[in-house]
file data-v2.txt (compact mmCIF, C-alpha atoms and all ligand atoms)
# COMPACT_ATOMS: atom_id res chain seq x y z
CA MET U 1 110.05 30.23 160.10
CA SER U 2 109.53 31.75 163.46
CA GLY U 3 110.90 35.12 164.54
CA TYR U 4 113.47 35.51 161.74
CA CYS U 5 113.52 36.42 158.06
CA ARG U 6 116.19 34.58 156.10
CA ALA U 7 118.41 36.10 153.39
CA THR U 8 120.53 34.11 150.95
CA TYR U 9 123.42 35.85 149.21
CA ARG U 10 125.93 34.84 146.58
CA CYS U 11 129.26 36.47 147.27
CA TYR U 12 132.20 36.43 144.83
CA ASP U 13 135.74 36.94 146.05
CA GLU U 14 139.08 35.46 145.01
CA LYS U 15 140.50 35.01 148.47
CA ALA U 16 138.11 36.20 151.19
CA ASP U 17 137.45 34.18 154.31
CA PHE U 18 133.74 33.72 153.59
CA GLY U 19 133.00 32.55 157.13
CA LYS U 20 134.38 35.81 158.50
CA LYS U 21 132.56 37.79 155.83
CA ALA U 22 129.26 36.13 156.79
CA GLN U 23 129.81 36.90 160.49
CA GLY U 24 130.62 40.49 159.56
CA ILE U 25 127.34 40.80 157.66
CA ALA U 26 125.24 39.16 160.38
CA VAL U 27 126.65 41.45 163.04
CA GLY U 28 127.16 44.57 160.93
CA LEU U 29 123.57 44.64 159.65
CA THR U 30 122.06 44.05 163.07
CA VAL U 31 123.75 45.05 166.34
CA GLY U 32 126.76 46.72 164.70
CA SER U 33 129.48 45.31 166.90
CA TRP U 34 129.57 42.26 169.11
CA THR U 35 133.03 41.32 170.40
CA ASP U 36 133.54 44.79 171.90
CA LEU U 37 130.34 44.55 173.98
CA PRO U 38 130.53 43.80 177.71
CA GLU U 39 128.96 40.42 178.67
CA ALA U 40 125.89 42.01 180.28
CA ARG U 41 125.14 44.00 177.15
CA LYS U 42 125.63 40.91 174.97
CA ALA U 43 122.81 39.15 176.81
CA GLU U 44 120.49 42.10 176.12
CA MET U 45 121.50 42.37 172.48
CA GLU U 46 121.30 38.67 171.68
CA LYS U 47 117.71 38.90 170.46
CA HIS U 48 118.73 41.57 167.92
CA LEU U 49 121.73 39.71 166.54
CA GLY U 50 121.75 38.24 163.03
CA LYS U 51 122.72 34.55 162.80
CA VAL U 52 124.83 32.87 160.17
CA VAL U 53 122.94 29.76 159.10
CA SER U 54 125.38 28.41 156.51
CA VAL U 55 128.29 29.29 154.27
CA THR U 56 128.73 27.08 151.20
CA GLU U 57 131.96 27.77 149.38
CA VAL U 58 132.42 26.88 145.70
CA PRO U 59 135.99 26.93 144.37
CA ALA U 60 136.77 28.58 141.02
CA ALA U 61 137.28 25.20 139.33
CA GLU U 62 133.69 24.14 140.15
CA SER U 63 132.00 27.50 139.59
CA PRO U 64 129.93 28.00 136.39
CA THR U 65 131.61 31.38 135.85
CA GLY U 66 135.09 30.14 136.79
CA GLU U 67 135.10 32.49 139.80
CA ARG U 68 135.30 31.47 143.45
CA TYR U 69 132.13 32.24 145.40
CA ALA U 70 130.10 31.32 148.46
CA ASP U 71 126.38 31.12 149.15
CA ILE U 72 125.80 32.70 152.53
CA VAL U 73 122.56 32.29 154.47
CA ILE U 74 121.76 34.64 157.35
CA ASP U 75 118.73 34.92 159.64
CA TYR U 76 117.63 38.40 160.69
CA PRO U 77 115.47 38.84 163.81
CA ASP U 78 111.98 40.22 163.08
CA ILE U 79 112.33 42.36 166.16
CA ASN U 80 114.76 44.61 164.23
CA PHE U 81 112.42 45.80 161.46
CA SER U 82 108.85 46.86 160.88
CA ARG U 83 106.44 44.80 158.77
CA ASP U 84 107.09 46.43 155.43
CA ILE U 85 109.25 45.58 152.43
CA PRO U 86 111.47 48.70 152.57
CA ALA U 87 112.44 47.91 156.17
CA LEU U 88 113.31 44.32 155.29
CA LEU U 89 115.29 45.26 152.17
CA VAL U 90 117.26 47.99 153.93
CA THR U 91 118.05 45.58 156.75
CA VAL U 92 119.24 42.67 154.64
CA PHE U 93 120.65 44.51 151.63
CA GLY U 94 120.93 48.20 152.39
CA LYS U 95 124.58 49.16 152.71
CA LEU U 96 125.57 45.60 151.85
CA SER U 97 124.34 46.04 148.26
CA MET U 98 127.23 48.48 147.74
CA ASP U 99 129.88 46.40 149.45
CA GLY U 100 131.68 44.31 146.84
CA ARG U 101 130.52 41.55 144.55
CA ILE U 102 127.45 40.32 146.39
CA LYS U 103 123.97 39.54 145.10
CA LEU U 104 120.78 38.98 147.10
CA ILE U 105 119.48 35.64 145.81
CA ASP U 106 116.47 34.86 147.99
CA LEU U 107 114.42 35.83 151.02
CA ASP U 108 112.31 33.60 153.24
CA PHE U 109 109.79 35.45 155.33
CA SER U 110 108.83 34.66 158.90
CA GLU U 111 105.16 33.87 159.53
CA ASP U 112 104.81 37.08 161.47
CA PHE U 113 106.30 39.20 158.68
CA LEU U 114 104.14 37.44 156.09
CA SER U 115 101.00 38.01 158.12
CA ALA U 116 101.24 41.75 157.40
CA PHE U 117 100.73 41.17 153.66
CA PRO U 118 97.42 40.18 152.10
CA GLY U 119 99.16 39.61 148.74
CA PRO U 120 97.24 39.73 145.46
CA LYS U 121 93.53 40.61 145.86
CA PHE U 122 92.55 38.53 142.85
CA GLY U 123 95.46 36.37 141.78
CA ILE U 124 95.20 33.81 139.00
CA GLU U 125 91.82 32.50 140.16
CA GLY U 126 90.28 35.92 140.64
CA VAL U 127 91.43 37.24 137.28
CA ARG U 128 90.10 34.12 135.56
CA LYS U 129 86.79 34.53 137.33
CA GLN U 130 86.47 38.15 136.21
CA LEU U 131 87.05 37.11 132.63
CA GLY U 132 85.05 33.88 132.78
CA VAL U 133 87.99 31.96 131.25
CA GLU U 134 89.06 28.86 133.13
CA ASN U 135 90.69 26.47 130.76
CA ARG U 136 93.25 28.19 128.59
CA PRO U 137 96.16 30.63 128.79
CA LEU U 138 94.95 34.23 128.70
CA LEU U 139 95.91 36.62 125.92
CA MET U 140 96.97 40.22 126.57
CA SER U 141 97.59 42.91 124.01
CA ILE U 142 99.74 45.99 124.56
CA PHE U 143 98.89 49.38 123.13
CA LYS U 144 101.69 50.41 120.80
CA SER U 145 102.27 53.92 119.60
CA VAL U 146 100.19 55.81 122.13
CA ILE U 147 102.13 59.03 122.68
CA GLY U 148 100.83 61.88 120.56
CA HIS U 149 97.55 60.10 119.76
CA ASP U 150 94.17 61.58 120.67
CA LEU U 151 91.15 59.88 122.25
CA PRO U 152 89.35 58.83 119.04
CA ASN U 153 92.58 57.31 117.79
CA LEU U 154 93.18 55.45 121.05
CA ARG U 155 89.60 54.23 121.13
CA GLU U 156 89.97 52.89 117.60
CA GLN U 157 93.23 51.12 118.51
CA PHE U 158 91.55 49.61 121.56
CA PHE U 159 88.56 48.45 119.52
CA ARG U 160 90.76 46.70 116.97
CA GLN U 161 92.72 44.92 119.71
CA ALA U 162 89.51 43.85 121.43
CA LEU U 163 88.01 42.50 118.20
CA GLY U 164 90.94 40.08 117.95
CA GLY U 165 89.66 38.20 121.01
CA VAL U 166 92.23 39.28 123.59
CA ASP U 167 91.35 38.98 127.30
CA LEU U 168 93.32 41.95 128.54
CA ILE U 169 94.64 45.14 126.99
CA LYS U 170 97.32 47.11 128.75
CA ASP U 171 98.51 50.65 128.28
CA ASP U 172 102.08 51.11 127.20
CA GLU U 173 104.06 51.75 130.39
CA ILE U 174 105.41 55.00 128.92
CA LEU U 175 101.96 56.59 128.67
CA PHE U 176 101.65 59.16 131.45
CA GLU U 177 99.12 61.85 132.27
CA ASN U 178 98.88 64.02 129.17
CA PRO U 179 96.46 66.52 127.64
CA LEU U 180 95.53 64.35 124.65
CA THR U 181 94.46 61.24 126.56
CA PRO U 182 94.01 62.14 130.24
CA LEU U 183 93.38 59.26 132.65
CA GLU U 184 89.61 59.41 133.14
CA LYS U 185 88.80 60.29 129.53
CA ARG U 186 91.10 57.49 128.37
CA VAL U 187 89.36 54.98 130.61
CA GLU U 188 85.92 56.11 129.43
CA ALA U 189 86.91 55.91 125.76
CA CYS U 190 88.55 52.50 126.08
CA MET U 191 85.80 50.96 128.20
CA ALA U 192 83.23 52.19 125.66
CA ALA U 193 85.28 50.46 122.95
CA ALA U 194 85.39 47.32 125.12
CA ALA U 195 81.59 47.32 125.41
CA GLU U 196 81.21 47.80 121.66
CA ALA U 197 83.64 44.97 120.92
CA LYS U 198 81.86 42.69 123.39
CA ARG U 199 78.71 42.95 121.29
CA GLU U 200 80.70 41.23 118.51
CA THR U 201 83.00 38.92 120.45
CA GLY U 202 80.83 38.16 123.49
CA GLN U 203 84.04 38.36 125.52
CA GLU U 204 84.83 40.05 128.82
CA LEU U 205 87.92 42.23 128.76
CA LEU U 206 90.16 43.87 131.33
CA TYR U 207 91.81 47.18 130.49
CA ALA U 208 94.94 47.79 132.58
CA VAL U 209 95.28 51.56 132.53
CA ASN U 210 98.72 52.90 133.45
CA LEU U 211 98.63 54.26 137.02
CA THR U 212 101.07 57.17 137.18
CA GLY U 213 101.76 60.47 138.94
CA PRO U 214 103.50 61.42 142.17
CA THR U 215 103.63 58.62 144.76
CA PHE U 216 101.32 60.41 147.20
CA LYS U 217 98.66 60.77 144.48
CA LEU U 218 98.72 57.14 143.30
CA ALA U 219 95.84 55.87 145.43
CA GLU U 220 93.71 58.90 144.53
CA ASN U 221 94.52 58.46 140.82
CA ALA U 222 93.70 54.75 141.01
CA LYS U 223 90.31 55.55 142.55
CA ARG U 224 89.65 58.24 139.90
CA ALA U 225 90.40 55.64 137.20
CA ILE U 226 88.13 53.09 138.87
CA ARG U 227 85.29 55.61 139.22
CA ALA U 228 85.66 56.29 135.49
CA GLY U 229 85.20 52.56 134.82
CA ALA U 230 88.74 51.08 134.91
CA ASN U 231 88.66 47.36 135.66
CA ALA U 232 92.44 46.82 136.00
CA LEU U 233 95.61 48.84 136.59
CA LEU U 234 99.14 48.71 135.21
CA PHE U 235 101.83 49.81 137.63
CA ASN U 236 105.57 50.48 137.18
CA VAL U 237 106.44 48.95 140.53
CA LEU U 238 110.21 49.37 140.56
CA ALA U 239 110.14 53.06 139.70
CA TYR U 240 107.95 53.65 142.78
CA GLY U 241 109.02 50.88 145.15
CA PHE U 242 107.35 47.73 146.44
CA ASP U 243 105.70 49.56 149.29
CA ALA U 244 103.70 51.71 146.88
CA LEU U 245 102.33 48.51 145.30
CA ALA U 246 101.62 47.00 148.72
CA GLU U 247 99.64 50.09 149.76
CA LEU U 248 97.58 50.02 146.55
CA ALA U 249 96.96 46.28 146.83
CA ARG U 250 95.71 46.46 150.41
CA ASP U 251 93.41 49.45 149.78
CA PRO U 252 89.83 48.08 149.84
CA GLU U 253 88.63 50.79 147.44
CA ILE U 254 91.12 49.63 144.79
CA HIS U 255 89.14 46.52 143.94
CA VAL U 256 90.63 45.76 140.53
CA PRO U 257 93.57 43.51 139.50
CA ILE U 258 96.99 45.15 139.36
CA ALA U 259 99.50 44.20 136.64
CA ALA U 260 103.11 44.89 137.61
CA HIS U 261 105.40 46.14 134.83
CA PRO U 262 109.13 45.29 135.15
CA ALA U 263 110.42 48.67 133.87
CA VAL U 264 113.77 49.57 135.53
CA SER U 265 114.32 45.98 136.74
CA GLY U 266 117.11 45.51 134.19
CA ALA U 267 119.19 47.85 136.36
CA ILE U 268 118.82 45.43 139.27
CA TYR U 269 118.69 41.72 138.40
CA PRO U 270 120.84 40.72 135.36
CA SER U 271 124.38 40.81 136.79
CA PRO U 272 125.65 37.56 138.32
CA HIS U 273 127.63 39.63 140.85
CA TYR U 274 125.34 42.46 141.96
CA GLY U 275 121.72 43.36 142.57
CA ILE U 276 118.72 41.22 143.41
CA ALA U 277 117.95 37.95 141.61
CA ALA U 278 114.99 38.04 139.21
CA PRO U 279 112.97 35.27 140.93
CA LEU U 280 113.05 37.33 144.13
CA LEU U 281 112.70 40.79 142.59
CA LEU U 282 110.04 40.04 139.99
CA GLY U 283 108.67 36.90 141.64
CA LYS U 284 108.44 36.61 145.41
CA LEU U 285 108.49 40.31 146.24
CA MET U 286 105.93 41.22 143.55
CA ARG U 287 103.58 38.53 144.86
CA LEU U 288 104.12 39.54 148.47
CA ALA U 289 103.41 43.17 147.59
CA GLY U 290 100.16 42.19 145.86
CA ALA U 291 100.66 42.04 142.08
CA ASP U 292 97.92 40.00 140.41
CA LEU U 293 99.88 39.75 137.18
CA VAL U 294 103.63 40.19 136.71
CA LEU U 295 105.31 40.97 133.39
CA PHE U 296 108.90 39.90 132.78
CA PRO U 297 111.14 39.06 129.81
CA SER U 298 110.62 35.53 128.50
CA PRO U 299 113.45 33.14 127.56
CA TYR U 300 112.53 33.33 123.85
CA GLY U 301 111.59 36.81 122.65
CA SER U 302 113.37 40.10 121.94
CA VAL U 303 114.45 40.86 125.54
CA VAL U 304 115.46 37.57 127.10
CA MET U 305 116.02 36.20 130.56
CA PRO U 306 117.80 32.84 130.94
CA LYS U 307 115.39 29.90 131.06
CA GLU U 308 116.44 28.69 134.52
CA GLU U 309 115.82 32.12 136.04
CA ASN U 310 112.52 32.37 134.20
CA MET U 311 111.29 29.06 135.58
CA ALA U 312 112.37 30.02 139.11
CA LEU U 313 110.50 33.31 138.67
CA LYS U 314 107.37 31.45 137.54
CA ASP U 315 107.64 29.16 140.58
CA ALA U 316 107.96 32.15 142.91
CA LEU U 317 104.73 33.59 141.49
CA THR U 318 102.77 30.36 141.57
CA SER U 319 104.18 27.97 144.17
CA ASP U 320 102.12 26.74 147.11
CA GLY U 321 105.04 27.64 149.37
CA LEU U 322 103.62 31.11 150.10
CA PRO U 323 100.24 31.42 151.83
CA LEU U 324 99.14 34.06 149.32
CA ARG U 325 97.06 34.03 146.15
CA LYS U 326 99.11 33.15 143.08
CA SER U 327 100.17 35.85 140.63
CA PHE U 328 99.77 35.32 136.89
CA PRO U 329 103.14 34.97 135.10
CA VAL U 330 103.26 37.18 131.99
CA PRO U 331 106.42 36.33 129.97
CA SER U 332 106.75 39.21 127.51
CA ALA U 333 108.73 41.12 124.88
CA GLY U 334 108.92 40.06 121.24
CA ILE U 335 106.19 37.43 121.66
CA HIS U 336 104.48 36.19 118.45
CA PRO U 337 102.11 33.27 117.75
CA GLY U 338 104.97 30.94 116.75
CA LEU U 339 106.19 31.05 120.37
CA VAL U 340 102.92 29.82 121.88
CA PRO U 341 103.99 26.11 121.88
CA LEU U 342 107.11 26.99 123.90
CA ILE U 343 105.17 29.22 126.29
CA HIS U 344 102.63 26.45 126.89
CA ARG U 345 105.38 23.83 127.35
CA ASP U 346 107.18 25.95 129.96
CA PHE U 347 104.33 27.73 131.73
CA GLY U 348 101.33 25.44 131.26
CA LEU U 349 97.78 26.83 131.34
CA ASP U 350 98.28 29.48 134.00
CA VAL U 351 100.10 32.04 131.91
CA VAL U 352 99.22 35.25 130.11
CA VAL U 353 100.52 35.34 126.53
CA ASN U 354 101.37 39.02 126.04
CA ALA U 355 102.22 40.83 122.84
CA GLY U 356 102.49 44.31 121.40
CA GLY U 357 104.34 44.11 118.10
CA GLY U 358 103.22 40.49 117.64
CA ILE U 359 99.62 41.75 117.47
CA HIS U 360 99.85 45.21 115.89
CA GLY U 361 102.54 44.13 113.43
CA HIS U 362 100.44 41.30 111.99
CA PRO U 363 100.40 41.53 108.18
CA LEU U 364 96.57 41.47 108.13
CA GLY U 365 96.14 44.07 110.87
CA THR U 366 95.67 44.31 114.63
CA ALA U 367 92.45 42.30 114.98
CA ALA U 368 93.95 39.53 112.84
CA GLY U 369 96.98 39.64 115.16
CA GLY U 370 94.81 38.79 118.16
CA ARG U 371 92.99 36.06 116.23
CA ALA U 372 96.27 34.46 115.16
CA PHE U 373 97.27 34.16 118.83
CA ARG U 374 93.91 32.68 119.81
CA GLN U 375 94.21 30.17 116.95
CA ALA U 376 97.72 29.26 118.10
CA ILE U 377 96.53 28.79 121.69
CA ASP U 378 93.60 26.60 120.59
CA ALA U 379 95.87 24.49 118.39
CA VAL U 380 98.41 23.94 121.15
CA LEU U 381 95.70 22.96 123.64
CA ALA U 382 94.30 20.51 121.09
CA GLY U 383 97.78 19.04 120.59
CA GLU U 384 97.77 20.14 116.95
CA PRO U 385 100.98 21.38 115.28
CA LEU U 386 100.73 25.09 114.40
CA ARG U 387 101.49 24.38 110.74
CA GLU U 388 98.46 22.07 110.55
CA ALA U 389 96.17 24.60 112.21
CA ALA U 390 97.53 27.30 109.89
CA LYS U 391 96.09 25.42 106.91
CA ARG U 392 92.59 26.33 108.20
CA HIS U 393 93.36 29.80 109.59
CA ASP U 394 94.53 32.68 107.36
CA GLU U 395 95.56 34.77 110.38
CA LEU U 396 97.76 32.09 111.92
CA ARG U 397 99.27 31.28 108.52
CA ALA U 398 100.18 34.93 107.93
CA ALA U 399 101.73 35.20 111.41
CA ILE U 400 103.87 32.12 110.85
CA GLU U 401 104.96 33.40 107.45
CA ALA U 402 105.99 36.69 109.09
CA TRP U 403 107.70 35.39 112.24
CA GLY U 404 108.09 31.62 111.94
CA ILE U 405 107.68 28.98 114.64
CA LYS U 406 110.25 28.43 117.38
CA GLU U 407 110.43 24.93 118.81
C1 LIG U 501 110.26 43.31 128.97
S1 LIG U 501 108.71 42.82 129.56
C2 LIG U 501 107.61 44.16 129.12
C3 LIG U 501 106.95 43.96 127.83
C4 LIG U 501 106.28 45.22 127.33
O1 LIG U 501 105.83 46.04 128.09
C5 LIG U 501 106.16 45.45 125.93
O2 LIG U 501 105.74 46.52 125.54
C6 LIG U 501 106.55 44.40 124.95
O3 LIG U 501 106.18 44.78 123.66
P1 LIG U 501 106.41 43.81 122.44
O4 LIG U 501 106.08 44.63 121.23
O5 LIG U 501 107.83 43.37 122.45
O6 LIG U 501 105.47 42.65 122.58

call {"tool": "encode", "arguments": {"input": "data-v2.txt", "output": "structure tokens"}}
result
Amino acid sequence: MSGYCRATYRCYDEKADFGKKAQGIAVGLTVGSWTDLPEARKAEMEKHLGKVVSVTEVPAAESPTGERYADIVIDYPDINFSRDIPALLVTVFGKLSMDGRIKLIDLDFSEDFLSAFPGPKFGIEGVRKQLGVENRPLLMSIFKSVIGHDLPNLREQFFRQALGGVDLIKDDEILFENPLTPLEKRVEACMAAAAEAKRETGQELLYAVNLTGPTFKLAENAKRAIRAGANALLFNVLAYGFDALAELARDPEIHVPIAAHPAVSGAIYPSPHYGIAAPLLLGKLMRLAGADLVLFPSPYGSVVMPKEENMALKDALTSDGLPLRKSFPVPSAGIHPGLVPLIHRDFGLDVVVNAGGGIHGHPLGTAAGGRAFRQAIDAVLAGEPLREAAKRHDELRAAIEAWGIKE
């Protein structure tokens, strides 16, 4: 699209004139007023004016929620905003986000706007290359119970996760700078455990250390972590803002994959009437800002997102429609080995299977938890039912006895 970024909204109202509402948005969020302007001024302002592209009204009787709504599409001239995500979001959904029952459903970026964003530095291909794993879903393990633990304890936890054959280990997102496991010491301890585990497993491993601290110290902290040996970062994007991620992702000295955590997103996407839709919030915008991996609730686990939204989110991260590297989808929360067939069915090969409790809570211990997942992944790729594979694998059998299989 040339010269304009396009916003799509869903607006609920029992009796509004949606055409008028759309015109009000297009004018109100751009030039402010139009009809009151003298003709000469109108000619000058034309290039700044938002344009209503379409208004599609759905009556209550045909609406899935039984409420009357309209999908409104508006084009916003690039000339009005700078090439950064905060400027775009404030333009298209600043004041408007507080003005009645309206949700931002989608954004389409102009070529010029897009050209300011390099996107993910590694993406799916780059992460696979780093790990040397091309032909199967990846497996990520989440540290659980990290607060109040010291370095030897953390190192031991890391080692046990790594022995299970996971590809990535991520910090818990609630682990911040603290005297027991400060950033650099934590990285050194965990990377030493990774090297020790590699001697047994032969596997490469990425450790996504939680990047925290004041916004203006993030880049410096990331570089400190990398100097200490970190080979990936975890980042709570929504607590800081997309621009913080974009700055980290475009910094040439931050040459490690960044995993985006969805913390705080539940305050923004779930309502049908308000906020920003999940495929845009956790999909398109995360990819645009440069997340190599994006965590989000799956349709099956303990924190769920509806399937349709989940699939649209996956498409936003992986479609060819954006000229950016693809981000790895990481459907998460309450994941256990019995869910691997569903994850593979819905996400295919390019997915990261991610589990905390489903690994640490395994009846035979943390390393067995990782192995059970790897056995489940291998079985699914071989087209073998999990119950069959479980006859040969104690770890998978114990996992299925504990959590079952969901089909
Ligand atoms: C809601 S997506 C984030 C998942 C996450 O960070 C997490 O800790 C999930 O842990 P679980 O024990 O449910 O695998």

call {"tool": "residues_near_ligand", "arguments": {"input": "data-v2.txt", "ligand": "ligand LIG 501 (chain U)", "cutoff": "10 Å", "atoms": "only C-alpha atoms and all ligand atoms", "output": "JSON list (two decimals) with C-alpha atoms, keeping the file's coordinate frame"}}
result
[["chain", "number", "residue", "atom", "x", "y", "z"],
["U", 140, "MET", "CA", 96.97, 40.22, 126.57],
["U", 141, "SER", "CA", 97.59, 42.91, 124.01],
["U", 142, "ILE", "CA", 99.74, 45.99, 124.56],
["U", 143, "PHE", "CA", 98.89, 49.38, 123.13],
["U", 144, "LYS", "CA", 101.69, 50.41, 120.80],
["U", 170, "LYS", "CA", 97.32, 47.11, 128.75],
["U", 171, "ASP", "CA", 98.51, 50.65, 128.28],
["U", 172, "ASP", "CA", 102.08, 51.11, 127.20],
["U", 173, "GLU", "CA", 104.06, 51.75, 130.39],
["U", 174, "ILE", "CA", 105.41, 55.00, 128.92],
["U", 260, "ALA", "CA", 103.11, 44.89, 137.61],
["U", 261, "HIS", "CA", 105.40, 46.14, 134.83],
["U", 262, "PRO", "CA", 109.13, 45.29, 135.15],
["U", 263, "ALA", "CA", 110.42, 48.67, 133.87],
["U", 264, "VAL", "CA", 113.77, 49.57, 135.53],
["U", 265, "SER", "CA", 114.32, 45.98, 136.74],
["U", 266, "GLY", "CA", 117.11, 45.51, 134.19],
["U", 294, "VAL", "CA", 103.63, 40.19, 136.71],
["U", 295, "LEU", "CA", 105.31, 40.97, 133.39],
["U", 296, "PHE", "CA", 108.90, 39.90, 132.78],
["U", 297, "PRO", "CA", 111.14, 39.06, 129.81],
["U", 298, "SER", "CA", 110.62, 35.53, 128.50],
["U", 301, "GLY", "CA", 111.59, 36.81, 122.65],
["U", 302, "SER", "CA", 113.37, 40.10, 121.94],
["U", 303, "VAL", "CA", 114.45, 40.86, 125.54],
["U", 304, "VAL", "CA", 115.46, 37.57, 127.10],
["U", 305, "MET", "CA", 116.02, 36.20, 130.56],
["U", 330, "VAL", "CA", 103.26, 37.18, 131.99],
["U", 331, "PRO", "CA", 106.42, 36.33, 129.97],
["U", 332, "SER", "CA", 106.75, 39.21, 127.51],
["U", 333, "ALA", "CA", 108.73, 41.12, 124.88],
["U", 334, "GLY", "CA", 108.92, 40.06, 121.24],
["U", 335, "ILE", "CA", 106.19, 37.43, 121.66],
["U", 336, "HIS", "CA", 104.48, 36.19, 118.45],
["U", 353, "VAL", "CA", 100.52, 35.34, 126.53],
["U", 354, "ASN", "CA", 101.37, 39.02, 126.04],
["U", 355, "ALA", "CA", 102.22, 40.83, 122.84],
["U", 356, "GLY", "CA", 102.49, 44.31, 121.40],
["U", 357, "GLY", "CA", 104.34, 44.11, 118.10],
["U", 358, "GLY", "CA", 103.22, 40.49, 117.64],
["U", 359, "ILE", "CA", 99.62, 41.75, 117.47],
["U", 360, "HIS", "CA", 99.85, 45.21, 115.89],
["U", 361, "GLY", "CA", 102.54, 44.13, 113.43]]

call {"tool": "atom_distance", "arguments": {"input": "data-v2.txt", "atom1": "atom CA of U:Pro299", "atom2": "atom CA of U:Leu313"}}
result
11.5 Å

call {"tool": "closest_residue", "arguments": {"input": "data-v2.txt", "among": "U:Ala249, U:Ala43, U:Ala225, U:Val340", "to": "U:Phe122", "atoms": "only C-alpha atoms"}}
result
U:Ala249

call {"tool": "closest_residue", "arguments": {"input": "data-v2.txt", "among": "U:Ala399, U:Ala382, U:Ile258, U:Ile72", "to": "U:Pro337", "atoms": "all atoms listed in the file"}}
result
U:Ala399

call {"tool": "closest_residue", "arguments": {"input": "data-v2.txt", "among": "U:Glu62, U:Glu384, U:Glu39, U:Asp99", "to": "U:Ile25", "atoms": "only C-alpha atoms"}}
result
U:Asp99

call {"tool": "closest_residue", "arguments": {"input": "data-v2.txt", "among": "U:Leu206, U:Val73, U:Ala222, U:Leu281", "to": "U:Val237", "atoms": "only C-alpha atoms"}}
result
U:Leu281

call {"tool": "atom_distance", "arguments": {"input": "data-v2.txt", "atom1": "atom CA of U:Leu96", "atom2": "atom CA of U:Asp112"}}
result
24.4 Å

call {"tool": "atom_distance", "arguments": {"input": "data-v2.txt", "atom1": "atom CA of U:Arg83", "atom2": "atom CA of U:Phe216"}}
result
20.1 Å

call {"tool": "axis_aligned_box", "arguments": {"input": "data-v2.txt", "around": "stretch 280-299 of chain U", "padding_each_side": "5 Å", "output": "JSON"}}
result
{"center_x": 105.7, "center_y": 38.2, "center_z": 138.0, "size_x": 25.5, "size_y": 20.0, "size_z": 30.9}

call {"tool": "residues_around", "arguments": {"input": "data-v2.txt", "residues": "U:Phe347", "least_positions_apart": "5", "cutoff": "9 Å", "atoms": "all atoms listed in the file", "output": "VMD selection string"}}
result
chain U and resid 311 314 329 342

call {"tool": "residues_near_point", "arguments": {"input": "data-v2.txt", "point": "(132.9, 34.4, 147.9)", "cutoff": "7 Å", "atoms": "all atoms listed in the file", "output": "list in words"}}
result
Cys11, Tyr12, Asp13, Glu14, Ala16, Phe18, Glu57, Arg68, Tyr69 and Ala70 of chain U

call {"tool": "closest_residue", "arguments": {"input": "data-v2.txt", "among": "U:Ala194, U:Ile74, U:Leu29, U:Leu180", "to": "U:Gln157", "atoms": "all atoms listed in the file"}}
result
U:Ala194

call {"tool": "closest_residue", "arguments": {"input": "data-v2.txt", "among": "U:Gly165, U:Pro214, U:Gly94, U:Gly24", "to": "U:Leu138", "atoms": "only C-alpha atoms"}}
result
U:Gly165

call {"tool": "residues_around", "arguments": {"input": "data-v2.txt", "residues": "U:Met45", "least_positions_apart": "4", "cutoff": "12 Å", "atoms": "all atoms listed in the file", "output": "ChimeraX atom specification"}}
result
/U:27,30-35,37-41,49-50,77,79-80

call {"tool": "residues_around", "arguments": {"input": "data-v2.txt", "residues": "U:Asp150", "least_positions_apart": "3", "cutoff": "12 Å", "atoms": "only C-alpha atoms", "output": "ChimeraX atom specification"}}
result
/U:145-147,153-157,178-182,185-186,189-190

call {"tool": "residues_around", "arguments": {"input": "data-v2.txt", "residues": "U:Leu131", "least_positions_apart": "4", "cutoff": "12 Å", "atoms": "all atoms listed in the file", "output": "number ranges by chain"}}
result
U: 122, 124-127, 135-139, 165-168, 198, 202-207, 231-232, 257

call {"tool": "residues_around", "arguments": {"input": "data-v2.txt", "residues": "U:Glu184", "least_positions_apart": "4", "cutoff": "8 Å", "atoms": "only C-alpha atoms", "output": "VMD selection string"}}
result
chain U and resid 188 224 to 225 228

call {"tool": "build_atoms", "arguments": {"input": "data-v2.txt", "residues": "stretch 350-356 of chain U", "atoms": "N, CA and C atoms", "output": "PDB file, keeping the file's coordinate frame"}}
result
ATOM      1  N   ASP U 350      98.381  28.245 133.222  1.00  0.00           N
ATOM      2  CA  ASP U 350      98.280  29.480 134.000  1.00  0.00           C
ATOM      3  C   ASP U 350      99.362  30.474 133.599  1.00  0.00           C
ATOM      4  N   VAL U 351      99.146  31.065 132.442  1.00  0.00           N
ATOM      5  CA  VAL U 351     100.100  32.040 131.910  1.00  0.00           C
ATOM      6  C   VAL U 351      99.290  33.046 131.090  1.00  0.00           C
ATOM      7  N   VAL U 352      99.807  34.267 131.016  1.00  0.00           N
ATOM      8  CA  VAL U 352      99.220  35.250 130.110  1.00  0.00           C
ATOM      9  C   VAL U 352     100.183  35.436 128.950  1.00  0.00           C
ATOM     10  N   VAL U 353      99.724  35.103 127.742  1.00  0.00           N
ATOM     11  CA  VAL U 353     100.520  35.340 126.530  1.00  0.00           C
ATOM     12  C   VAL U 353     100.342  36.828 126.209  1.00  0.00           C
ATOM     13  N   ASN U 354     101.455  37.551 126.105  1.00  0.00           N
ATOM     14  CA  ASN U 354     101.370  39.020 126.040  1.00  0.00           C
ATOM     15  C   ASN U 354     102.149  39.542 124.851  1.00  0.00           C
ATOM     16  N   ALA U 355     101.512  40.350 124.037  1.00  0.00           N
ATOM     17  CA  ALA U 355     102.220  40.830 122.840  1.00  0.00           C
ATOM     18  C   ALA U 355     101.779  42.230 122.443  1.00  0.00           C
ATOM     19  N   GLY U 356     102.753  42.994 121.986  1.00  0.00           N
ATOM     20  CA  GLY U 356     102.490  44.310 121.400  1.00  0.00           C
ATOM     21  C   GLY U 356     102.707  44.207 119.904  1.00  0.00           C
TER      22      GLY U 356
END
